[in-house]
>>> print(open('structure-v5.cif').read())   # mmCIF, C-alpha atoms
data_target
#
loop_
_atom_site.label_atom_id
_atom_site.label_comp_id
_atom_site.auth_asym_id
_atom_site.auth_seq_id
_atom_site.Cartn_x
_atom_site.Cartn_y
_atom_site.Cartn_z
CA MET A 1 0.00 0.00 0.00
CA GLN A 2 1.03 3.58 -0.45
CA THR A 3 0.67 6.67 1.72
CA ASN A 4 1.00 10.16 0.27
CA SER A 5 1.67 12.20 3.42
CA ASP A 6 2.67 11.92 7.06
CA LEU A 7 -1.03 12.26 7.91
CA GLU A 8 -1.87 9.20 5.80
CA THR A 9 0.96 7.22 7.40
CA LEU A 10 -0.30 8.28 10.83
CA ALA A 11 -3.85 7.23 9.87
CA LEU A 12 -2.60 3.82 8.73
CA GLY A 13 -0.95 3.34 12.12
CA LYS A 14 -4.22 4.23 13.86
CA ARG A 15 -6.15 1.72 11.73
CA LEU A 16 -3.55 -0.95 12.38
CA ALA A 17 -3.73 -0.37 16.14
CA GLN A 18 -7.43 -1.28 16.14
CA HIS A 19 -6.49 -4.87 15.25
CA LEU A 20 -3.56 -5.36 17.63
CA PHE A 21 -3.81 -7.75 20.55
CA PRO A 22 -1.94 -8.36 23.83
CA GLY A 23 1.49 -9.77 23.02
CA ALA A 24 1.53 -8.47 19.44
CA ILE A 25 4.99 -7.94 17.95
CA ILE A 26 5.65 -5.61 15.04
CA LEU A 27 9.00 -5.62 13.25
CA LEU A 28 9.28 -2.24 11.50
CA SER A 29 12.03 -1.68 8.96
CA GLY A 30 13.01 1.09 6.59
CA CYS A 31 15.89 3.48 6.05
CA LEU A 32 16.48 6.59 8.15
CA GLY A 33 13.75 9.13 7.44
CA ALA A 34 11.40 6.58 5.87
CA GLY A 35 8.58 7.31 8.32
CA LYS A 36 8.97 4.56 10.92
CA THR A 37 8.42 6.92 13.84
CA VAL A 38 5.38 8.49 12.16
CA LEU A 39 3.81 5.05 11.79
CA ALA A 40 4.72 4.27 15.43
CA GLN A 41 3.03 7.52 16.49
CA GLY A 42 -0.11 6.46 14.62
CA ILE A 43 -0.10 3.08 16.34
CA GLY A 44 0.35 4.77 19.71
CA ALA A 45 -2.52 7.15 18.99
CA GLY A 46 -4.69 4.26 17.82
CA LEU A 47 -3.99 2.45 21.09
CA GLY A 48 -5.04 5.57 23.00
CA ILE A 49 -1.57 6.48 24.23
CA GLU A 50 -1.84 9.97 25.71
CA GLU A 51 1.86 10.85 25.71
CA ALA A 52 3.74 11.91 22.59
CA VAL A 53 5.38 8.84 21.02
CA THR A 54 8.99 9.61 20.17
CA SER A 55 11.88 7.57 18.88
CA PRO A 56 13.67 5.87 21.80
CA THR A 57 17.06 5.85 20.06
CA PHE A 58 19.14 6.46 23.19
CA THR A 59 17.09 4.37 25.65
CA ILE A 60 16.41 1.36 23.36
CA VAL A 61 12.80 1.01 24.63
CA GLN A 62 10.22 3.63 25.48
CA GLU A 63 7.25 2.30 27.46
CA TYR A 64 3.76 3.80 27.28
CA SER A 65 0.95 2.55 29.49
CA SER A 66 -1.93 5.02 29.11
CA GLY A 67 -3.71 3.21 26.23
CA ARG A 68 -5.94 0.17 25.88
CA LEU A 69 -2.74 -1.92 25.72
CA PRO A 70 0.76 -1.09 26.94
CA PHE A 71 2.97 0.01 24.04
CA PHE A 72 6.68 -0.82 23.99
CA HIS A 73 8.47 1.12 21.25
CA ALA A 74 12.00 -0.17 20.67
CA ASP A 75 14.68 1.29 18.45
CA LEU A 76 17.61 -1.08 17.95
CA TYR A 77 19.65 1.22 15.69
CA ARG A 78 22.51 1.48 18.20
CA VAL A 79 22.44 -2.19 19.25
CA GLU A 80 25.47 -4.09 18.09
CA SER A 81 24.51 -7.72 18.72
CA PRO A 82 21.66 -10.00 19.82
CA GLU A 83 23.75 -10.84 22.89
CA GLU A 84 23.48 -7.22 24.00
CA LEU A 85 19.68 -7.57 23.87
CA GLU A 86 19.80 -10.88 25.75
CA GLU A 87 21.82 -9.26 28.54
CA ILE A 88 19.08 -6.69 29.18
CA GLY A 89 16.26 -9.25 28.93
CA PHE A 90 14.77 -7.61 25.85
CA THR A 91 12.59 -10.57 24.80
CA GLU A 92 10.71 -10.33 28.12
CA TYR A 93 8.68 -7.51 26.55
CA TRP A 94 6.97 -10.14 24.40
CA GLN A 95 5.40 -11.74 27.47
CA ARG A 96 4.12 -8.48 28.98
CA GLU A 97 0.68 -8.46 27.28
CA GLY A 98 1.35 -5.24 25.40
CA VAL A 99 2.25 -4.32 21.84
CA THR A 100 5.98 -4.38 21.08
CA LEU A 101 7.09 -2.39 18.04
CA ILE A 102 10.73 -2.88 17.04
CA GLU A 103 12.53 -0.50 14.69
CA TRP A 104 15.70 -1.89 13.04
CA PRO A 105 14.63 -5.51 13.66
CA GLU A 106 17.56 -6.89 11.68
CA ARG A 107 19.60 -6.24 14.86
CA LEU A 108 17.59 -9.00 16.61
CA GLY A 109 19.55 -11.70 14.80
CA TYR A 110 18.69 -15.09 16.27
CA LEU A 111 16.21 -13.47 18.71
CA VAL A 112 13.58 -12.91 16.00
CA PRO A 113 10.28 -14.26 17.36
CA GLU A 114 8.46 -17.14 15.67
CA GLU A 115 5.40 -15.03 14.80
CA TYR A 116 5.12 -11.31 14.12
CA LEU A 117 3.83 -8.61 11.82
CA ALA A 118 6.55 -7.33 9.49
CA ILE A 119 6.20 -3.80 8.12
CA LYS A 120 8.65 -2.34 5.65
CA ILE A 121 8.48 1.34 4.72
CA ALA A 122 10.18 2.47 1.53
CA TYR A 123 10.83 6.14 0.90
CA CYS A 124 9.50 7.11 -2.53
CA ASP A 125 9.81 10.90 -2.35
CA SER A 126 9.36 13.69 0.20
CA THR A 127 5.73 12.72 0.85
CA GLN A 128 5.09 9.26 -0.64
CA ARG A 129 5.84 6.01 1.17
CA GLN A 130 5.38 2.44 -0.04
CA ILE A 131 4.40 0.26 2.91
CA ALA A 132 4.48 -3.53 2.79
CA ILE A 133 2.77 -5.42 5.60
CA ASN A 134 3.40 -9.16 5.91
CA ALA A 135 2.34 -11.66 8.52
CA LEU A 136 4.16 -14.57 10.05
CA GLY A 137 1.51 -16.50 11.99
CA SER A 138 -2.27 -16.81 11.75
CA SER A 139 -3.07 -14.07 14.30
CA TYR A 140 -1.00 -11.65 12.28
CA GLN A 141 -2.47 -12.82 8.98
CA GLN A 142 -5.88 -11.86 10.34
CA ILE A 143 -4.58 -8.31 10.90
CA VAL A 144 -3.33 -8.13 7.30
CA ASP A 145 -6.65 -9.48 6.01
CA ASN A 146 -8.60 -6.92 8.06
CA LEU A 147 -6.44 -4.04 6.82
CA GLN A 148 -6.80 -5.14 3.20
CA ALA A 149 -10.57 -5.50 3.57
CA ARG A 150 -10.81 -1.89 4.75
CA ALA A 151 -8.33 -0.43 2.25
#
>>> encode(input="structure-v5.cif", output="structure tokens")
Amino acid sequence: MQTNSDLETLALGKRLAQHLFPGAIILLSGCLGAGKTVLAQGIGAGLGIEEAVTSPTFTIVQEYSSGRLPFFHADLYRVESPEELEEIGFTEYWQREGVTLIEWPERLGYLVPEEYLAIKIAYCDSTQRQIAINALGSSYQQIVDNLQARA
């Protein structure tokens, strides 16, 4: 699918959030400036998060708890190895009954979960983004099906 502005990317995140469930994991990839944080802000807004969702680049994970589900927004850009994530118990977020969104998921290495929603944002131009959403697991496929049905 394609979005033609930050507002459309934000709206997509809000729509997506309506279908998320406790324990949902989203792996969000794209180059710097592609719109990952804008999509994360939309998901946060769609979950009812009251605080401003910002990129947690220096803290690895920013936790938000004011919505219908807790929202754990991780940015692994500065992580050097999966072992570093293991040391801090990163995968424990997946058992906390919230939504975990992970930017730069390629840094997970062997810690990639068995099931997740994969979102890739490609930068087309200053306003357009191409967004691919793929599911690994039946719960996530249902999200993709619901989004496509409403597109």
>>> axis_aligned_box(input="structure-v5.cif", around="region 46-55 of chain A", padding_each_side="3 Å", output="lines of an AutoDock Vina configuration file")
center_x = 3.4
center_y = 7.2
center_z = 21.8
size_x = 22.9
size_y = 15.5
size_z = 13.9
>>> atom_distance(input="structure-v5.cif", atom1="CA of Ile49 (chain A)", atom2="CA of Ile143 (chain A)")
20.1 Å
>>> residues_around(input="structure-v5.cif", residues="region 42-48 of chain A", least_positions_apart="2", cutoff="12 Å", atoms="all atoms listed in the file", output="JSON, numbers by chain")
{"A": [6, 7, 8, 9, 10, 11, 12, 13, 14, 15, 16, 17, 18, 19, 20, 21, 22, 26, 28, 35, 36, 37, 38, 39, 40, 50, 51, 52, 53, 54, 55, 62, 63, 64, 65, 66, 67, 68, 69, 70, 71, 72, 73, 98, 99, 100, 101]}
>>> closest_residue(input="structure-v5.cif", among="A:Leu117, A:Ala122, A:Thr3, A:Leu76", to="Gln142 (chain A)", atoms="only C-alpha atoms")
A:Leu117
>>> residues_around(input="structure-v5.cif", residues="Asn4 (chain A)", least_positions_apart="3", cutoff="7 Å", atoms="all atoms listed in the file", output="list in words")
Glu8, Thr127, Gln128 and Arg129 of chain A
>>> closest_atom_pairs(input="structure-v5.cif", of="region 52-137 of chain A", to="region 146-149 of chain A", cutoff="12 Å", atoms="only C-alpha atoms", output="Markdown table")
| residue | atom | partner | partner_atom | distance |
| --- | --- | --- | --- | --- |
| A:Ala132 | CA | A:Gln148 | CA | 11.4 |
| A:Ile133 | CA | A:Leu147 | CA | 9.4 |
| A:Asn134 | CA | A:Leu147 | CA | 11.1 |
| A:Ala135 | CA | A:Leu147 | CA | 11.7 |
>>> atom_distance(input="structure-v5.cif", atom1="CA of Asp125 (chain A)", atom2="CA of Gly33 (chain A)")
10.7 Å
>>> closest_residue(input="structure-v5.cif", among="A:Ala34, A:Ala118, A:Ile102, A:Ala74", to="Ser5 (chain A)", atoms="only C-alpha atoms")
A:Ala34
>>> atom_distance(input="structure-v5.cif", atom1="CA of Tyr93 (chain A)", atom2="CA of Gly109 (chain A)")
16.5 Å
>>> residues_around(input="structure-v5.cif", residues="Leu85 (chain A)", least_positions_apart="3", cutoff="10 Å", atoms="all atoms listed in the file", output="PyMOL selection string")
chain A and resi 60+76+79-82+88-91+107-109+111
>>> resolve_selection(input="structure-v5.cif", expression="the PyMOL selection byres ((chain A and resi 115) around 9)", output="compact mmCIF listing (two decimals) with C-alpha atoms, keeping the file's coordinate frame")
# COMPACT_ATOMS: atom_id res chain seq x y z
CA ALA A 24 1.53 -8.47 19.44
CA ILE A 25 4.99 -7.94 17.95
CA VAL A 112 13.58 -12.91 16.00
CA PRO A 113 10.28 -14.26 17.36
CA GLU A 114 8.46 -17.14 15.67
CA TYR A 116 5.12 -11.31 14.12
CA LEU A 117 3.83 -8.61 11.82
CA ALA A 135 2.34 -11.66 8.52
CA LEU A 136 4.16 -14.57 10.05
CA GLY A 137 1.51 -16.50 11.99
CA SER A 138 -2.27 -16.81 11.75
CA SER A 139 -3.07 -14.07 14.30
CA TYR A 140 -1.00 -11.65 12.28
>>> closest_residue(input="structure-v5.cif", among="A:Gly23, A:Met1, A:Arg78, A:Lys120", to="Glu97 (chain A)", atoms="all atoms listed in the file")
A:Gly23
>>> build_atoms(input="structure-v5.cif", residues="region 38-63 of chain A", atoms="N, CA, C and O atoms", output="PDB file, in the coordinates of the input")
ATOM      1  N   VAL A  38       6.732   7.982  12.447  1.00  0.00           N
ATOM      2  CA  VAL A  38       5.380   8.490  12.160  1.00  0.00           C
ATOM      3  C   VAL A  38       4.372   7.353  12.258  1.00  0.00           C
ATOM      4  O   VAL A  38       3.300   7.499  12.862  1.00  0.00           O
ATOM      5  N   LEU A  39       4.703   6.200  11.698  1.00  0.00           N
ATOM      6  CA  LEU A  39       3.810   5.050  11.790  1.00  0.00           C
ATOM      7  C   LEU A  39       3.666   4.626  13.258  1.00  0.00           C
ATOM      8  O   LEU A  39       2.552   4.326  13.717  1.00  0.00           O
ATOM      9  N   ALA A  40       4.767   4.613  14.004  1.00  0.00           N
ATOM     10  CA  ALA A  40       4.720   4.270  15.430  1.00  0.00           C
ATOM     11  C   ALA A  40       3.822   5.251  16.192  1.00  0.00           C
ATOM     12  O   ALA A  40       3.064   4.848  17.079  1.00  0.00           O
ATOM     13  N   GLN A  41       3.887   6.517  15.847  1.00  0.00           N
ATOM     14  CA  GLN A  41       3.030   7.520  16.490  1.00  0.00           C
ATOM     15  C   GLN A  41       1.558   7.238  16.196  1.00  0.00           C
ATOM     16  O   GLN A  41       0.708   7.380  17.073  1.00  0.00           O
ATOM     17  N   GLY A  42       1.261   6.816  14.976  1.00  0.00           N
ATOM     18  CA  GLY A  42      -0.110   6.460  14.620  1.00  0.00           C
ATOM     19  C   GLY A  42      -0.592   5.260  15.412  1.00  0.00           C
ATOM     20  O   GLY A  42      -1.735   5.237  15.896  1.00  0.00           O
ATOM     21  N   ILE A  43       0.266   4.259  15.558  1.00  0.00           N
ATOM     22  CA  ILE A  43      -0.100   3.080  16.340  1.00  0.00           C
ATOM     23  C   ILE A  43      -0.355   3.479  17.789  1.00  0.00           C
ATOM     24  O   ILE A  43      -1.357   3.078  18.397  1.00  0.00           O
ATOM     25  N   GLY A  44       0.543   4.289  18.340  1.00  0.00           N
ATOM     26  CA  GLY A  44       0.350   4.770  19.710  1.00  0.00           C
ATOM     27  C   GLY A  44      -0.970   5.515  19.864  1.00  0.00           C
ATOM     28  O   GLY A  44      -1.733   5.266  20.803  1.00  0.00           O
ATOM     29  N   ALA A  45      -1.260   6.401  18.934  1.00  0.00           N
ATOM     30  CA  ALA A  45      -2.520   7.150  18.990  1.00  0.00           C
ATOM     31  C   ALA A  45      -3.709   6.215  18.872  1.00  0.00           C
ATOM     32  O   ALA A  45      -4.705   6.368  19.583  1.00  0.00           O
ATOM     33  N   GLY A  46      -3.613   5.227  17.995  1.00  0.00           N
ATOM     34  CA  GLY A  46      -4.690   4.260  17.820  1.00  0.00           C
ATOM     35  C   GLY A  46      -4.910   3.385  19.046  1.00  0.00           C
ATOM     36  O   GLY A  46      -6.015   2.899  19.281  1.00  0.00           O
ATOM     37  N   LEU A  47      -3.864   3.195  19.841  1.00  0.00           N
ATOM     38  CA  LEU A  47      -3.990   2.450  21.090  1.00  0.00           C
ATOM     39  C   LEU A  47      -4.487   3.335  22.229  1.00  0.00           C
ATOM     40  O   LEU A  47      -4.745   2.854  23.326  1.00  0.00           O
ATOM     41  N   GLY A  48      -4.584   4.633  21.971  1.00  0.00           N
ATOM     42  CA  GLY A  48      -5.040   5.570  23.000  1.00  0.00           C
ATOM     43  C   GLY A  48      -3.937   6.084  23.896  1.00  0.00           C
ATOM     44  O   GLY A  48      -4.200   6.598  24.985  1.00  0.00           O
ATOM     45  N   ILE A  49      -2.706   5.983  23.443  1.00  0.00           N
ATOM     46  CA  ILE A  49      -1.570   6.480  24.230  1.00  0.00           C
ATOM     47  C   ILE A  49      -1.697   8.001  24.301  1.00  0.00           C
ATOM     48  O   ILE A  49      -1.824   8.671  23.279  1.00  0.00           O
ATOM     49  N   GLU A  50      -1.661   8.536  25.504  1.00  0.00           N
ATOM     50  CA  GLU A  50      -1.840   9.970  25.710  1.00  0.00           C
ATOM     51  C   GLU A  50      -0.549  10.758  25.510  1.00  0.00           C
ATOM     52  O   GLU A  50      -0.582  11.899  25.066  1.00  0.00           O
ATOM     53  N   GLU A  51       0.583  10.151  25.849  1.00  0.00           N
ATOM     54  CA  GLU A  51       1.860  10.850  25.710  1.00  0.00           C
ATOM     55  C   GLU A  51       2.282  10.914  24.248  1.00  0.00           C
ATOM     56  O   GLU A  51       1.837  10.116  23.435  1.00  0.00           O
ATOM     57  N   ALA A  52       3.180  11.826  23.940  1.00  0.00           N
ATOM     58  CA  ALA A  52       3.740  11.910  22.590  1.00  0.00           C
ATOM     59  C   ALA A  52       4.691  10.729  22.394  1.00  0.00           C
ATOM     60  O   ALA A  52       5.583  10.495  23.217  1.00  0.00           O
ATOM     61  N   VAL A  53       4.497   9.964  21.344  1.00  0.00           N
ATOM     62  CA  VAL A  53       5.380   8.840  21.020  1.00  0.00           C
ATOM     63  C   VAL A  53       6.575   9.394  20.261  1.00  0.00           C
ATOM     64  O   VAL A  53       6.423  10.036  19.224  1.00  0.00           O
ATOM     65  N   THR A  54       7.760   9.138  20.795  1.00  0.00           N
ATOM     66  CA  THR A  54       8.990   9.610  20.170  1.00  0.00           C
ATOM     67  C   THR A  54       9.931   8.432  19.967  1.00  0.00           C
ATOM     68  O   THR A  54       9.771   7.383  20.579  1.00  0.00           O
ATOM     69  N   SER A  55      10.917   8.630  19.126  1.00  0.00           N
ATOM     70  CA  SER A  55      11.880   7.570  18.880  1.00  0.00           C
ATOM     71  C   SER A  55      12.773   7.382  20.105  1.00  0.00           C
ATOM     72  O   SER A  55      13.347   8.334  20.613  1.00  0.00           O
ATOM     73  N   PRO A  56      12.882   6.141  20.597  1.00  0.00           N
ATOM     74  CA  PRO A  56      13.670   5.870  21.800  1.00  0.00           C
ATOM     75  C   PRO A  56      15.130   5.551  21.522  1.00  0.00           C
ATOM     76  O   PRO A  56      15.730   4.723  22.190  1.00  0.00           O
ATOM     77  N   THR A  57      15.727   6.196  20.545  1.00  0.00           N
ATOM     78  CA  THR A  57      17.060   5.850  20.060  1.00  0.00           C
ATOM     79  C   THR A  57      18.097   5.685  21.172  1.00  0.00           C
ATOM     80  O   THR A  57      18.908   4.770  21.135  1.00  0.00           O
ATOM     81  N   PHE A  58      18.084   6.528  22.176  1.00  0.00           N
ATOM     82  CA  PHE A  58      19.140   6.460  23.190  1.00  0.00           C
ATOM     83  C   PHE A  58      18.767   5.594  24.387  1.00  0.00           C
ATOM     84  O   PHE A  58      19.615   5.265  25.198  1.00  0.00           O
ATOM     85  N   THR A  59      17.503   5.190  24.508  1.00  0.00           N
ATOM     86  CA  THR A  59      17.090   4.370  25.650  1.00  0.00           C
ATOM     87  C   THR A  59      16.734   2.949  25.223  1.00  0.00           C
ATOM     88  O   THR A  59      16.385   2.138  26.062  1.00  0.00           O
ATOM     89  N   ILE A  60      16.776   2.632  23.984  1.00  0.00           N
ATOM     90  CA  ILE A  60      16.410   1.360  23.360  1.00  0.00           C
ATOM     91  C   ILE A  60      14.891   1.147  23.385  1.00  0.00           C
ATOM     92  O   ILE A  60      14.295   0.915  22.357  1.00  0.00           O
ATOM     93  N   VAL A  61      14.246   1.236  24.556  1.00  0.00           N
ATOM     94  CA  VAL A  61      12.800   1.010  24.630  1.00  0.00           C
ATOM     95  C   VAL A  61      12.133   2.155  25.383  1.00  0.00           C
ATOM     96  O   VAL A  61      12.592   2.535  26.470  1.00  0.00           O
ATOM     97  N   GLN A  62      11.074   2.661  24.804  1.00  0.00           N
ATOM     98  CA  GLN A  62      10.220   3.630  25.480  1.00  0.00           C
ATOM     99  C   GLN A  62       8.910   2.922  25.798  1.00  0.00           C
ATOM    100  O   GLN A  62       8.314   2.315  24.904  1.00  0.00           O
ATOM    101  N   GLU A  63       8.482   2.971  27.040  1.00  0.00           N
ATOM    102  CA  GLU A  63       7.250   2.300  27.460  1.00  0.00           C
ATOM    103  C   GLU A  63       6.130   3.312  27.648  1.00  0.00           C
ATOM    104  O   GLU A  63       6.332   4.356  28.258  1.00  0.00           O
TER     105      GLU A  63
END
